[in-house]
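> This is the content of upload-v9.cif (mmCIF, C-alpha atoms and all ligand atoms):
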data_target
loop_
_atom_site.label_atom_id
_atom_site.label_comp_id
_atom_site.auth_asym_id
_atom_site.auth_seq_id
_atom_site.Cartn_x
_atom_site.Cartn_y
_atom_site.Cartn_z
CA MET A 1 -15.71 17.02 13.55
CA LEU A 2 -13.41 13.98 13.78
CA ARG A 3 -11.03 14.14 16.76
CA ILE A 4 -7.87 12.15 16.20
CA GLY A 5 -4.97 10.84 18.28
CA ILE A 6 -1.76 9.81 16.55
CA ILE A 7 0.59 7.12 17.89
CA GLY A 8 4.09 7.20 16.38
CA TYR A 9 5.96 10.35 15.39
CA GLY A 10 9.04 8.83 13.70
CA TYR A 11 9.65 9.12 9.97
CA TRP A 12 6.08 8.78 8.64
CA GLY A 13 4.05 10.09 11.60
CA PRO A 14 4.78 13.79 10.91
CA ASN A 15 3.23 13.42 7.43
CA ILE A 16 0.08 11.92 8.92
CA LEU A 17 -0.11 14.62 11.59
CA ARG A 18 0.43 17.43 9.08
CA ASN A 19 -2.34 16.15 6.81
CA PHE A 20 -4.93 15.37 9.47
CA SER A 21 -4.35 18.74 11.09
CA SER A 22 -4.68 20.66 7.82
CA ILE A 23 -8.02 19.30 6.57
CA GLU A 24 -11.44 20.71 7.40
CA GLY A 25 -13.60 18.74 9.81
CA ALA A 26 -10.75 17.00 11.61
CA GLN A 27 -8.64 17.90 14.60
CA VAL A 28 -5.53 16.20 15.96
CA VAL A 29 -6.08 16.29 19.71
CA SER A 30 -3.04 14.35 20.88
CA VAL A 31 0.17 12.72 19.67
CA CYS A 32 2.05 9.88 21.34
CA ASP A 33 5.58 8.54 20.98
CA ILE A 34 7.80 6.66 23.41
CA ASP A 35 10.69 8.87 22.26
CA ARG A 36 10.57 12.14 24.27
CA GLN A 37 12.77 14.02 21.82
CA LEU A 38 10.35 13.32 18.99
CA LEU A 39 7.44 14.38 21.19
CA ALA A 40 9.18 17.68 21.93
CA ARG A 41 9.56 18.21 18.18
CA ALA A 42 5.84 17.55 17.64
CA LYS A 43 4.91 19.90 20.44
CA LYS A 44 7.09 22.63 18.95
CA ALA A 45 5.38 22.27 15.58
CA PHE A 46 1.85 22.04 17.09
CA PRO A 47 1.90 23.82 20.51
CA SER A 48 -1.83 23.47 21.24
CA MET A 49 -1.83 19.69 20.78
CA ARG A 50 -1.44 17.31 23.74
CA ALA A 51 1.65 15.08 23.70
CA THR A 52 2.21 11.91 25.69
CA CYS A 53 4.57 8.92 26.01
CA ASP A 54 1.75 6.66 27.16
CA CYS A 55 -0.51 5.40 24.37
CA ARG A 56 -3.20 4.39 26.88
CA GLU A 57 -3.73 8.06 27.70
CA LEU A 58 -4.67 8.53 24.09
CA THR A 59 -6.67 5.33 23.47
CA SER A 60 -8.80 5.85 26.60
CA SER A 61 -9.39 9.57 26.12
CA PRO A 62 -13.11 10.43 25.82
CA ASP A 63 -12.36 13.39 23.52
CA ILE A 64 -10.73 11.20 20.83
CA ASP A 65 -12.86 9.44 18.17
CA ALA A 66 -10.14 7.81 16.07
CA VAL A 67 -6.55 6.67 16.53
CA ALA A 68 -3.87 6.60 13.83
CA VAL A 69 -1.23 3.90 14.38
CA ILE A 70 2.02 5.01 12.69
CA THR A 71 4.48 2.71 14.45
CA PRO A 72 6.53 -0.32 13.28
CA VAL A 73 4.44 -3.25 12.00
CA SER A 74 5.23 -5.48 14.99
CA THR A 75 3.23 -3.05 17.18
CA HIS A 76 0.21 -2.47 14.89
CA TYR A 77 -1.93 -5.32 16.24
CA GLU A 78 -1.62 -4.46 19.96
CA LEU A 79 -2.10 -0.73 19.47
CA ALA A 80 -5.01 -1.08 17.02
CA LYS A 81 -6.68 -3.66 19.26
CA CYS A 82 -6.37 -1.40 22.28
CA ALA A 83 -7.89 1.49 20.32
CA LEU A 84 -10.79 -0.63 19.03
CA LEU A 85 -11.49 -2.07 22.50
CA ASN A 86 -11.77 1.53 23.69
CA GLY A 87 -14.31 2.32 20.98
CA LYS A 88 -11.99 4.25 18.64
CA HIS A 89 -11.95 4.03 14.85
CA VAL A 90 -8.51 3.07 13.55
CA PHE A 91 -6.27 4.37 10.77
CA VAL A 92 -3.33 1.98 10.62
CA GLU A 93 -0.14 1.96 8.63
CA LYS A 94 0.77 -0.59 6.01
CA PRO A 95 1.31 -3.46 6.32
CA PHE A 96 -1.85 -3.84 8.41
CA THR A 97 -0.50 -6.51 10.81
CA SER A 98 2.32 -9.06 11.12
CA THR A 99 -0.01 -12.05 10.59
CA SER A 100 -3.34 -12.72 8.91
CA THR A 101 -4.72 -14.13 12.18
CA GLN A 102 -4.13 -10.74 13.83
CA ALA A 103 -5.77 -8.94 10.90
CA GLU A 104 -8.83 -11.22 11.05
CA GLU A 105 -9.19 -10.63 14.77
CA LEU A 106 -9.07 -6.84 14.35
CA ILE A 107 -11.61 -6.96 11.50
CA GLU A 108 -13.97 -9.04 13.62
CA LEU A 109 -13.52 -6.74 16.62
CA ALA A 110 -14.18 -3.61 14.55
CA ALA A 111 -17.30 -5.16 13.01
CA ARG A 112 -18.62 -6.16 16.45
CA LYS A 113 -18.14 -2.64 17.75
CA ASN A 114 -19.31 -0.95 14.55
CA LEU A 115 -15.98 0.84 14.10
CA LYS A 116 -13.97 1.61 10.95
CA ILE A 117 -10.53 0.34 10.05
CA MET A 118 -8.61 2.05 7.27
CA VAL A 119 -5.20 0.76 6.20
CA ASP A 120 -2.81 3.39 4.87
CA HIS A 121 -2.26 2.09 1.34
CA THR A 122 -1.16 5.61 0.38
CA PHE A 123 -0.46 4.93 -3.31
CA LEU A 124 -4.15 4.22 -3.97
CA PHE A 125 -4.73 7.94 -3.49
CA THR A 126 -2.10 9.15 -5.95
CA GLY A 127 -3.13 10.69 -9.24
CA ALA A 128 -1.22 7.97 -11.12
CA VAL A 129 -2.96 5.01 -9.51
CA ARG A 130 -6.34 6.71 -9.83
CA LYS A 131 -5.65 7.26 -13.54
CA MET A 132 -4.65 3.60 -13.98
CA LYS A 133 -7.85 2.50 -12.24
CA GLU A 134 -9.77 4.70 -14.70
CA VAL A 135 -8.10 3.36 -17.85
CA ILE A 136 -8.49 -0.25 -16.74
CA GLY A 137 -12.11 0.39 -15.75
CA ASN A 138 -13.09 2.08 -19.03
CA GLY A 139 -11.55 -0.72 -21.09
CA THR A 140 -8.72 1.32 -22.66
CA LEU A 141 -6.18 -1.45 -22.01
CA GLY A 142 -8.58 -4.29 -22.85
CA LYS A 143 -8.16 -7.67 -21.20
CA LEU A 144 -5.13 -7.55 -18.87
CA TYR A 145 -2.20 -9.88 -19.54
CA TYR A 146 0.30 -8.84 -16.90
CA TYR A 147 1.35 -6.45 -14.10
CA ASP A 148 5.08 -5.98 -13.69
CA SER A 149 6.65 -3.67 -11.12
CA MET A 150 10.09 -2.63 -9.99
CA ARG A 151 10.63 -0.80 -6.69
CA VAL A 152 14.37 -0.64 -6.07
CA ASN A 153 16.83 1.75 -4.42
CA LEU A 154 19.78 1.81 -2.04
CA GLY A 155 18.44 1.40 1.55
CA GLN A 156 16.60 2.14 3.77
CA PHE A 157 17.40 -1.11 5.54
CA GLN A 158 14.78 -2.02 8.14
CA HIS A 159 15.69 -3.78 11.37
CA ASP A 160 12.49 -5.71 12.00
CA VAL A 161 11.22 -6.72 8.53
CA ASN A 162 12.74 -7.89 5.25
CA VAL A 163 12.43 -6.09 1.92
CA ILE A 164 9.19 -7.93 1.07
CA TRP A 165 7.40 -6.69 4.20
CA ASP A 166 8.87 -3.21 3.74
CA LEU A 167 8.42 -2.46 0.03
CA ALA A 168 6.02 -5.02 -1.44
CA PRO A 169 2.92 -3.86 0.53
CA HIS A 170 2.84 -0.81 -1.75
CA ASP A 171 2.80 -2.82 -4.99
CA LEU A 172 0.61 -5.64 -3.69
CA SER A 173 -1.98 -3.12 -2.50
CA ILE A 174 -1.89 -1.34 -5.87
CA MET A 175 -2.31 -4.63 -7.74
CA ASP A 176 -5.13 -5.65 -5.38
CA TYR A 177 -6.87 -2.33 -6.09
CA LEU A 178 -6.38 -2.31 -9.86
CA ILE A 179 -7.13 -5.95 -10.65
CA GLU A 180 -10.52 -7.07 -9.44
CA GLU A 181 -9.87 -10.78 -9.98
CA ARG A 182 -8.24 -12.47 -7.00
CA PRO A 183 -4.91 -14.30 -7.37
CA ASN A 184 -4.72 -17.99 -6.51
CA ALA A 185 -1.01 -18.67 -5.95
CA LEU A 186 2.42 -17.11 -5.73
CA ILE A 187 6.09 -17.90 -5.59
CA ALA A 188 8.88 -15.79 -4.11
CA THR A 189 12.64 -15.95 -4.07
CA GLY A 190 15.18 -13.68 -2.45
CA GLN A 191 18.47 -13.38 -0.66
CA SER A 192 19.93 -11.72 2.42
CA HIS A 193 23.48 -10.40 2.43
CA PHE A 194 23.94 -8.74 5.82
CA ASN A 195 21.69 -9.29 8.83
CA GLY A 196 19.59 -12.33 7.93
CA LEU A 197 16.76 -10.21 6.54
CA GLU A 198 16.31 -10.53 2.77
CA ASP A 199 17.36 -7.31 1.04
CA ILE A 200 16.36 -8.40 -2.48
CA ALA A 201 13.31 -10.40 -3.54
CA TYR A 202 11.19 -11.38 -6.53
CA ILE A 203 7.53 -12.30 -6.21
CA THR A 204 5.40 -13.81 -8.98
CA VAL A 205 1.64 -13.87 -8.49
CA TYR A 206 -0.68 -16.10 -10.55
CA PHE A 207 -4.33 -15.44 -11.32
CA PRO A 208 -6.88 -18.02 -12.51
CA ASN A 209 -7.52 -16.11 -15.78
CA ASN A 210 -3.88 -16.10 -16.99
CA ILE A 211 -2.99 -12.66 -15.65
CA ILE A 212 0.48 -12.82 -14.14
CA ALA A 213 2.09 -10.25 -11.84
CA HIS A 214 5.73 -9.82 -10.95
CA PHE A 215 7.34 -7.67 -8.25
CA ASN A 216 11.00 -6.81 -7.96
CA VAL A 217 11.85 -5.25 -4.57
CA ASN A 218 15.43 -4.43 -3.68
CA TRP A 219 17.32 -2.36 -1.08
CA LEU A 220 20.64 -2.89 -2.85
CA SER A 221 20.12 -1.12 -6.15
CA PRO A 222 22.59 1.60 -7.20
CA VAL A 223 19.73 3.60 -8.70
CA LYS A 224 16.19 4.32 -7.58
CA MET A 225 13.54 2.92 -9.93
CA ARG A 226 9.76 3.00 -9.49
CA THR A 227 8.32 1.55 -12.65
CA THR A 228 5.22 -0.51 -13.36
CA LEU A 229 4.15 -2.03 -16.67
CA LEU A 230 0.58 -3.04 -17.36
CA GLY A 231 0.17 -5.14 -20.48
CA GLY A 232 -3.30 -5.38 -22.01
CA GLU A 233 -4.85 -6.83 -25.12
CA LYS A 234 -5.56 -3.38 -26.61
CA LYS A 235 -2.96 -1.06 -25.06
CA MET A 236 0.05 -1.16 -22.78
CA LEU A 237 0.81 1.27 -19.99
CA VAL A 238 4.05 2.36 -18.33
CA TRP A 239 3.97 4.16 -14.97
CA ASN A 240 7.23 5.81 -14.01
CA ASP A 241 6.61 7.37 -10.62
CA LEU A 242 9.89 9.29 -10.79
CA ASP A 243 8.89 11.16 -13.93
CA ALA A 244 7.54 14.50 -12.71
CA ASP A 245 5.65 15.47 -15.88
CA GLU A 246 4.62 12.30 -17.69
CA LYS A 247 4.16 9.68 -15.01
CA ILE A 248 1.90 7.55 -17.17
CA LYS A 249 2.36 6.69 -20.82
CA ILE A 250 -0.09 4.59 -22.77
CA TYR A 251 1.21 2.79 -25.84
CA ASP A 252 -0.94 1.57 -28.68
CA LYS A 253 1.33 -1.42 -28.97
CA GLY A 254 0.48 -5.07 -28.84
CA VAL A 255 0.04 -8.31 -30.62
CA ASP A 256 -2.76 -9.22 -33.00
CA ILE A 257 -3.44 -12.85 -33.72
CA GLN A 258 -4.75 -13.41 -37.24
CA SER A 259 -5.15 -17.16 -37.23
CA ARG A 260 -5.21 -19.70 -34.48
CA GLU A 261 -5.32 -22.79 -36.68
CA GLY A 262 -2.76 -24.85 -34.85
CA VAL A 263 0.43 -23.68 -33.21
CA TYR A 264 2.44 -23.89 -36.42
CA ASN A 265 0.02 -21.68 -38.29
CA LEU A 266 -0.28 -19.04 -35.57
CA LEU A 267 -0.18 -15.74 -37.43
CA VAL A 268 1.02 -12.93 -35.25
CA SER A 269 1.30 -9.31 -36.23
CA TYR A 270 2.78 -6.62 -34.02
CA ARG A 271 0.98 -3.36 -33.60
CA SER A 272 2.99 -0.22 -33.00
CA GLY A 273 0.86 2.90 -32.88
CA ASP A 274 0.78 6.14 -30.96
CA MET A 275 1.89 6.84 -27.43
CA TRP A 276 0.24 9.44 -25.22
CA ALA A 277 0.64 10.67 -21.67
CA PRO A 278 -2.73 11.33 -20.01
CA LYS A 279 -3.02 14.11 -17.49
CA VAL A 280 -2.45 12.88 -13.95
CA GLU A 281 -3.89 14.84 -11.00
CA GLN A 282 -1.24 16.51 -8.86
CA HIS A 283 -2.15 16.42 -5.20
CA GLU A 284 -0.78 15.04 -1.97
CA ALA A 285 -2.13 11.49 -1.70
CA LEU A 286 -2.15 11.54 2.10
CA ARG A 287 -4.33 14.62 2.20
CA LEU A 288 -6.95 12.94 0.02
CA GLU A 289 -6.72 9.81 2.14
CA ALA A 290 -7.10 11.81 5.38
CA GLU A 291 -10.25 13.46 3.96
CA TYR A 292 -11.56 10.06 2.87
CA PHE A 293 -10.99 8.60 6.37
CA ARG A 294 -12.83 11.56 7.93
CA ASP A 295 -15.75 11.11 5.51
CA CYS A 296 -15.97 7.34 5.97
CA VAL A 297 -16.11 7.69 9.74
CA LEU A 298 -18.50 10.65 9.84
CA ASN A 299 -20.83 9.20 7.17
CA ASP A 300 -20.59 5.61 8.41
CA GLU A 301 -19.23 4.26 5.11
CA THR A 302 -16.82 1.36 4.56
CA PRO A 303 -13.55 2.48 2.95
CA PHE A 304 -12.22 0.51 -0.03
CA ASN A 305 -8.86 0.31 1.79
CA ASP A 306 -10.48 -1.28 4.83
CA GLY A 307 -9.26 -4.10 7.07
CA GLU A 308 -10.24 -6.67 4.42
CA ALA A 309 -7.98 -4.95 1.86
CA GLY A 310 -5.21 -4.90 4.47
CA LEU A 311 -5.80 -8.59 5.18
CA ARG A 312 -5.53 -9.55 1.49
CA VAL A 313 -2.11 -7.84 1.35
CA VAL A 314 -0.96 -9.49 4.59
CA LYS A 315 -2.00 -12.91 3.23
CA MET A 316 0.12 -12.32 0.12
CA LEU A 317 3.06 -11.16 2.27
CA GLU A 318 2.77 -14.28 4.44
CA ALA A 319 2.59 -16.52 1.38
CA ALA A 320 5.61 -14.74 -0.15
CA HIS A 321 7.56 -15.16 3.07
CA LYS A 322 6.75 -18.87 3.21
CA SER A 323 7.66 -19.40 -0.45
CA LEU A 324 10.91 -17.46 -0.08
CA LYS A 325 11.95 -19.57 2.92
CA ASN A 326 11.27 -22.69 0.83
CA LYS A 327 13.34 -21.51 -2.14
CA GLY A 328 10.46 -20.48 -4.36
CA GLU A 329 7.92 -23.19 -3.57
CA MET A 330 4.44 -22.45 -4.99
CA VAL A 331 2.05 -21.32 -2.22
CA SER A 332 -1.73 -21.24 -2.74
CA LEU A 333 -3.65 -18.13 -1.74
N1 LIG B 1 2.37 4.63 3.67
C1 LIG B 1 3.64 4.89 3.41
O1 LIG B 1 4.02 5.30 2.30
C2 LIG B 1 4.65 4.67 4.49
C3 LIG B 1 5.92 5.26 4.42
C4 LIG B 1 6.80 5.04 5.48
C5 LIG B 1 6.45 4.24 6.54
N2 LIG B 1 5.20 3.67 6.56
C6 LIG B 1 4.79 2.81 7.68
O2 LIG B 1 4.67 3.61 8.85
C7 LIG B 1 4.99 2.82 9.99
C8 LIG B 1 6.09 3.56 10.78
O3 LIG B 1 7.23 3.66 9.96
P1 LIG B 1 8.34 4.77 10.24
O4 LIG B 1 9.27 4.69 9.09
O5 LIG B 1 7.72 6.07 10.59
O6 LIG B 1 9.05 4.15 11.53
P2 LIG B 1 9.92 4.93 12.61
O7 LIG B 1 10.65 3.88 13.36
O8 LIG B 1 10.66 6.07 11.99
O9 LIG B 1 8.81 5.58 13.57
C9 LIG B 1 7.99 4.82 14.40
C10 LIG B 1 7.78 5.59 15.71
O10 LIG B 1 6.87 4.85 16.52
C11 LIG B 1 7.30 5.01 17.87
N3 LIG B 1 6.73 3.92 18.66
C12 LIG B 1 7.00 2.59 18.56
N4 LIG B 1 6.24 1.89 19.44
C13 LIG B 1 5.45 2.80 20.09
C14 LIG B 1 4.46 2.70 21.09
N5 LIG B 1 4.12 1.52 21.63
N6 LIG B 1 3.88 3.83 21.52
C15 LIG B 1 4.23 5.04 21.02
N7 LIG B 1 5.16 5.19 20.05
C16 LIG B 1 5.76 4.09 19.59
C17 LIG B 1 8.81 5.00 17.81
O11 LIG B 1 9.39 5.62 18.94
C18 LIG B 1 9.07 5.78 16.52
O12 LIG B 1 9.28 7.14 16.75
C19 LIG B 1 5.41 1.45 9.46
O13 LIG B 1 4.33 0.58 9.55
C20 LIG B 1 5.77 1.71 8.02
O14 LIG B 1 5.58 0.57 7.19
C21 LIG B 1 4.32 3.88 5.57
#
Please re-express this file's structure in structure tokens.

Amino acid sequence: MLRIGIIGYGYWGPNILRNFSSIEGAQVVSVCDIDRQLLARAKKAFPSMRATCDCRELTSSPDIDAVAVITPVSTHYELAKCALLNGKHVFVEKPFTSTSTQAEELIELAARKNLKIMVDHTFLFTGAVRKMKEVIGNGTLGKLYYYDSMRVNLGQFQHDVNVIWDLAPHDLSIMDYLIEERPNALIATGQSHFNGLEDIAYITVYFPNNIIAHFNVNWLSPVKMRTTLLGGEKKMLVWNDLDADEKIKIYDKGVDIQSREGVYNLLVSYRSGDMWAPKVEQHEALRLEAEYFRDCVLNDETPFNDGEAGLRVVKMLEAAHKSLKNKGEMVSL
């Protein structure tokens, strides 16, 4: 049995609590939030659970094995560090930390104490991303050319982080999971219109083997769009996360090169074949992730979305932030 304490019961915390308390082999012992009204709401929903405003009560409790940190990013490092120092495994929200130095310190601390860190990169547990991993892995798409994503909608404006730190962790973690090669540089541009925090941004990530990735994140779009294109040598894939029935479509479209004898003789033919929509598992990603966290801790296994995965995303976010502030300067990774 994995006994869990949850810190943060704002927007996302209730989803974490609901999932950890509904799976076999796990029990949410206590919840913590500095907001008493939210605590009262948690207590009403789960009367037998302890509730506290003081996170130290939870991190030092001998009947808690793991702590979930579901608070704003600026607090992740302190809360996760406190939990690890007290011998607790940690499930921490995305983005892992505010800086890569903080992430490295937590990884080192967890390793020294033989504790697990899992970063909540929720999308990696969705049926769509698992299907994409499968079709890349079994060679359906062939050699990858590009990854192109759009995550735009109106709001929700954050007060402590810009749109890159808010929305891009999802797409960067998905790219990091799907593409095994590691990128070597990126550029980012963006603009703020209201409170000094960028509300629209574009990130381009370069890989050594000619794969290119592009991310469009925007809080100022009149419509919500969640679309990713994956272009491969053999097939091309479109993931529309807002399509309830056919989230993923694979197109037998592409370019065949017949002759490479000099640029002027390049013979290109365009292939336009069938399209099909593979079956995508329907389940709640967080539930699967909660079960995976329980299993990793109880079986002493390292999760694929561990601190290192969180660190890779934080490094890209830092690089994007630096590039954006320097008007799109190339930053090495
Ligand atoms: N994985 C996902 O899809 C997903 C979705 C939404 C949010 N998130 C992440 O979840 C985290 C929280 O986001 P949110 O939207 O729920 O924020 P929120 O502001 O709605 O909730 C955060 C809660 O943490 C509490 N809190 C802050 N500091 C605390 C402390 N020291 N001790 C106890 N409680 C404290 C606040 O009172 C608040 O209720 C962020 O890191 C965010 O990026 C992830």
> Which residues are near ligand LIG 1 (chain B) in this structure, taking near to mean any atom at most 6 Å from a ligand atom and counting only C-alpha atoms and all ligand atoms? Format them as an MDAnalysis selection string.
chainID A and resid 7:13 32:35 55 70:73 93:95 120:122
> Quick one: residues within 8 Å of A:Lys234, only C-alpha atoms, excluding same-chain residues fewer than 6 positions away - as a JSON list (two decimals) with C-alpha atoms, in the coordinates of the input?

[["chain", "number", "residue", "atom", "x", "y", "z"],
["A", 140, "THR", "CA", -8.72, 1.32, -22.66],
["A", 141, "LEU", "CA", -6.18, -1.45, -22.01],
["A", 142, "GLY", "CA", -8.58, -4.29, -22.85],
["A", 143, "LYS", "CA", -8.16, -7.67, -21.20],
["A", 252, "ASP", "CA", -0.94, 1.57, -28.68],
["A", 253, "LYS", "CA", 1.33, -1.42, -28.97],
["A", 254, "GLY", "CA", 0.48, -5.07, -28.84]]
> Just want the 9 Å neighbourhood of A:Ala128, counted on all atoms listed in the file, with same-chain residues fewer than 4 positions away dropped. Output as an mmCIF file with C-alpha atoms, in the frame of the given file.

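Heads up, here's the output in result-v3.cif:
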data_model
loop_
_atom_site.group_PDB
_atom_site.id
_atom_site.type_symbol
_atom_site.label_atom_id
_atom_site.label_comp_id
_atom_site.auth_asym_id
_atom_site.auth_seq_id
_atom_site.Cartn_x
_atom_site.Cartn_y
_atom_site.Cartn_z
ATOM 1 C CA PHE A 123 -0.460 4.930 -3.310
ATOM 2 C CA LEU A 124 -4.150 4.220 -3.970
ATOM 3 C CA MET A 132 -4.650 3.600 -13.980
ATOM 4 C CA LYS A 133 -7.850 2.500 -12.240
ATOM 5 C CA TRP A 239 3.970 4.160 -14.970
ATOM 6 C CA ASP A 241 6.610 7.370 -10.620
ATOM 7 C CA LYS A 247 4.160 9.680 -15.010
ATOM 8 C CA ILE A 248 1.900 7.550 -17.170
ATOM 9 C CA VAL A 280 -2.450 12.880 -13.950
ATOM 10 C CA GLU A 281 -3.890 14.840 -11.000
ATOM 11 C CA GLN A 282 -1.240 16.510 -8.860
#
> Would you kindly return, as a list in words, each protein, DNA or RNA residue with an atom no farther than 6 Å from any atom of A:Trp219, considering only C-alpha atoms and excluding same-chain residues fewer than 2 positions away?
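Once the nearby chain positions are removed, what remains is Asn153, Leu154, Gly155, Asp199 and Ser221 of chain A.
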> I want to know what sits within 12 Å of A:Val29, based on all atoms listed in the file, with residues of the same chain fewer than 4 positions away left out; could you give that as a list in words?
Met1, Leu2, Arg3, Ile4, Gly5, Ile6, Ile7, Leu17, Phe20, Ser21, Lys43, Phe46, Pro47, Ser48, Met49, Arg50, Ala51, Thr52, Glu57, Leu58, Thr59, Ser61, Pro62, Asp63, Ile64, Asp65, Ala66, Val67 and Ala68 of chain A
> With all atoms listed in the file as the counted atoms, please give the residues lying no more than 6 Å from A:Thr204, apart from itself and same-chain residues fewer than 4 positions off, as an NGL selection string.
:A and (186-187 or 213-214)
> Of the candidates A:Lys235, A:Lys249, A:His89, A:Arg151, which shows the shortest atom-to-atom distance to A:Gly139, using all atoms listed in the file?
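Among the listed residues, A:Lys235 lies closest to A:Gly139.
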> Residues around (-1.9, 15.7, 2.3), cut-off 8 Å, counting only C-alpha atoms - what are they as a PDB file with C-alpha atoms, keeping the file's coordinate frame?

ATOM      1  CA  ASN A  15       3.230  13.420   7.430  1.00  0.00           C
ATOM      2  CA  ILE A  16       0.080  11.920   8.920  1.00  0.00           C
ATOM      3  CA  ARG A  18       0.430  17.430   9.080  1.00  0.00           C
ATOM      4  CA  ASN A  19      -2.340  16.150   6.810  1.00  0.00           C
ATOM      5  CA  PHE A  20      -4.930  15.370   9.470  1.00  0.00           C
ATOM      6  CA  SER A  22      -4.680  20.660   7.820  1.00  0.00           C
ATOM      7  CA  HIS A 283      -2.150  16.420  -5.200  1.00  0.00           C
ATOM      8  CA  GLU A 284      -0.780  15.040  -1.970  1.00  0.00           C
ATOM      9  CA  ALA A 285      -2.130  11.490  -1.700  1.00  0.00           C
ATOM     10  CA  LEU A 286      -2.150  11.540   2.100  1.00  0.00           C
ATOM     11  CA  ARG A 287      -4.330  14.620   2.200  1.00  0.00           C
ATOM     12  CA  LEU A 288      -6.950  12.940   0.020  1.00  0.00           C
ATOM     13  CA  GLU A 289      -6.720   9.810   2.140  1.00  0.00           C
ATOM     14  CA  ALA A 290      -7.100  11.810   5.380  1.00  0.00           C
TER      15      ALA A 290
END
> Tell me, in Å to one decimal, how far atom CA of A:Leu311 is from atom CA of A:Leu172.
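Between atom CA of A:Leu311 and atom CA of A:Leu172 the gap is 11.3 Å.
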> Taking into account only C-alpha atoms, which residue in the set A:Met330, A:Leu167, A:Asn299, A:Arg271 is nearest to A:Thr189?
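Among A:Met330, A:Leu167, A:Asn299, A:Arg271, it is A:Met330 that comes nearest to A:Thr189.
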> Which residue, A:Asn162, A:Asn240, A:Ser60, A:Ser173, has the smallest gap to A:Thr228 when you use only C-alpha atoms?
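Residue with the minimum atom-to-atom distance to A:Thr228: A:Asn240.
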